[in-house]
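These notes are about the structure you will find just below.
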Amino acid sequence: MAGRDYALAVIPARGGSKGLPRKNLLTLGRLSLIGHALASAREAKRLTRTLVSTDDPEIAAEARRHGGDVPFVRPPELASDEAGMIAVLQHAVRWLETTGGATPDLVVLLQPTSPFRTGADIDATIDKVVSTGADSAQTLVPVGYHPFFMSTLDGDRVRPLFPEHVGTYSRRQDPPPIYQPSGSVYVTRRHVLMDEGRILGADHCGLVMGYEASVKIDTAWEFKLAEIVLASGRAPIPAERR
């Protein structure tokens with residue numbers, strides 16, 4: 001690994017998910033969601049170490065069944081609905097630095113809710129930070145409906161969200177492209193996370209992914225959508241994960 005950045009991946013998988021209970025243990029294709037996350041990390045070539053951060057014994061056991069490294073139990077205060085992702089990532093970095101003596105250059109967030117992420121997606125996002133010198137990078141997906149066409153309601157009266165653009169564009173493909181986070185991969189330099197308390201740095205890059213690759217599971221409907229994408233053969237993952 002000489003001459004290469006130490007890239008620490010963290011897979012956060014708490015047990016108390018509310019929108020879709022026990023979602024990290026749900027089976028999609030041949031693997032659970034935590035299994036897919038670990039598989040994508042193994043596919044990547046740029047990761048130095050991958051840690052699973054969980055408070056849940058069943059999730060920890062499932063992660064270990066798939067070869068996951070689960071060296072600590074996440075503290076209860078970092079497993080509540082109010083706990084933020086920044087604190088969870090900082091906890092994992094501090095654990096690594098105090099027990100293993102290693103200081104990562106990059107911290108990579110891999111959420112189990114993005115089962116169609118691949119190792120190539122991870123490597124490309126890491127490469128983007130390294131090659132550009134940016135503070136951070138994330139995967140993006142084009143928005144399904146452009147906000148220039150959206151509205152709010154004032155009572156029962158429709159008010160354009162962007163009134164200055166009313167009549168400017170007549171077709172949905174005419175406005176400039178807009179993107180939203182896909183949630184698949186976030187890469188952050190250590191100093192941005194630990195010193196500035198941020199995941200997205202001031203100099204931030206994006207990589208655009210396709211719709212199928214960007215399926216994100218937080219609800220029962222989104223899980224059903226993922227099953228449809230997988231069954232139709234459109235999930236961009238290796239055959240052994242389907």
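Scheme for the structure tokens: letters A, B, ... for chains in order shown; per-chain residue numbers from 1; ligand numbers from 1 in order shown.
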Hey, what's within 9 Å of A:Leu106 if we count only C-alpha atoms and toss same-chain stuff fewer than 3 positions away? As a list in words, please?
-> Asp5, Tyr6, Ala7, Leu8, Ala9, Ile126, Val129, Ser136, Val187, Thr188, Arg189, Arg190 and His191 of chain A
Hey, what's within 10 Å of A:Thr113 if we count only C-alpha atoms and toss same-chain stuff fewer than 3 positions away? As a VMD selection string, please?
-> chain A and resid 12 to 13 23 to 24 33 to 34 36 to 37 110 116 to 117 183 to 184 214 to 219 222 to 223
Selected residues, C-alpha atoms, written as a CSV table (one decimal), in the first residue's frame, please.
chain,number,residue,atom,x,y,z
A,12,PRO,CA,-23.2,2.3,9.4
A,13,ALA,CA,-25.9,-0.2,10.2
A,23,LYS,CA,-33.9,-3.0,6.9
A,24,ASN,CA,-30.2,-3.8,7.1
A,33,LEU,CA,-28.5,-5.3,2.5
A,34,ILE,CA,-25.5,-5.5,4.9
A,36,HIS,CA,-24.4,-6.2,-0.4
A,37,ALA,CA,-22.6,-3.3,1.3
A,110,LEU,CA,-21.0,3.2,2.4
A,116,PHE,CA,-26.6,-1.7,-6.2
A,117,ARG,CA,-23.4,0.2,-5.5
A,183,GLY,CA,-26.5,8.1,-1.3
A,184,SER,CA,-24.2,5.4,-2.7
A,214,SER,CA,-28.9,4.8,-7.5
A,215,VAL,CA,-31.9,2.9,-6.0
A,216,LYS,CA,-31.9,3.8,-2.3
A,217,ILE,CA,-33.9,1.8,0.3
A,218,ASP,CA,-35.5,3.6,3.2
A,219,THR,CA,-39.2,2.5,2.8
A,222,GLU,CA,-38.3,1.5,-2.3
A,223,PHE,CA,-37.4,-2.1,-1.3
Test item: residues at most 9 Å from A:Ala231, only C-alpha atoms, excluding those fewer than 5 positions along its chain, as a list of chain:residue names =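 After dropping sequence-adjacent residues, the list is A:Gly29, A:Ala226, A:Arg242.
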Could the residues in this selection be saved with N, CA and C atoms as a short mmCIF file (atom, residue, chain, number, x, y, z; two decimals), in the first residue's frame?
data_model
loop_
_atom_site.label_atom_id
_atom_site.label_comp_id
_atom_site.auth_asym_id
_atom_site.auth_seq_id
_atom_site.Cartn_x
_atom_site.Cartn_y
_atom_site.Cartn_z
N GLY A 29 -32.17 -10.39 -3.47
CA GLY A 29 -31.38 -11.31 -4.27
C GLY A 29 -30.73 -12.34 -3.36
N ALA A 226 -36.50 -1.94 -5.61
CA ALA A 226 -35.20 -2.62 -5.77
C ALA A 226 -35.40 -4.06 -6.22
N ARG A 242 -26.82 -11.26 -7.40
CA ARG A 242 -28.21 -11.15 -7.86
C ARG A 242 -29.09 -12.27 -7.33
#
When distances are computed from only C-alpha atoms, which of A:Gln180, A:Gln138, A:Thr27, A:Thr152 shows the smallest separation from A:Val108?
->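 Looking at the shortest contact to A:Val108, the residue is A:Gln138.
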Please identify which residues in stretch 53-99 of chain A DSSP calls helix (DSSP H, G or I) from the backbone, and express them as a list of chain:residue names.
->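 The helix (DSSP H, G or I) subset of stretch 53-99 of chain A is A:Pro57, A:Glu58, A:Ile59, A:Ala60, A:Ala61, A:Glu62, A:Ala63, A:Arg64, A:Arg65, A:Pro76, A:Glu77, A:Leu78, A:Met85, A:Ile86, A:Ala87, A:Val88, A:Leu89, A:Gln90, A:His91, A:Ala92, A:Val93, A:Arg94, A:Trp95, A:Leu96, A:Glu97, A:Thr98, A:Thr99.
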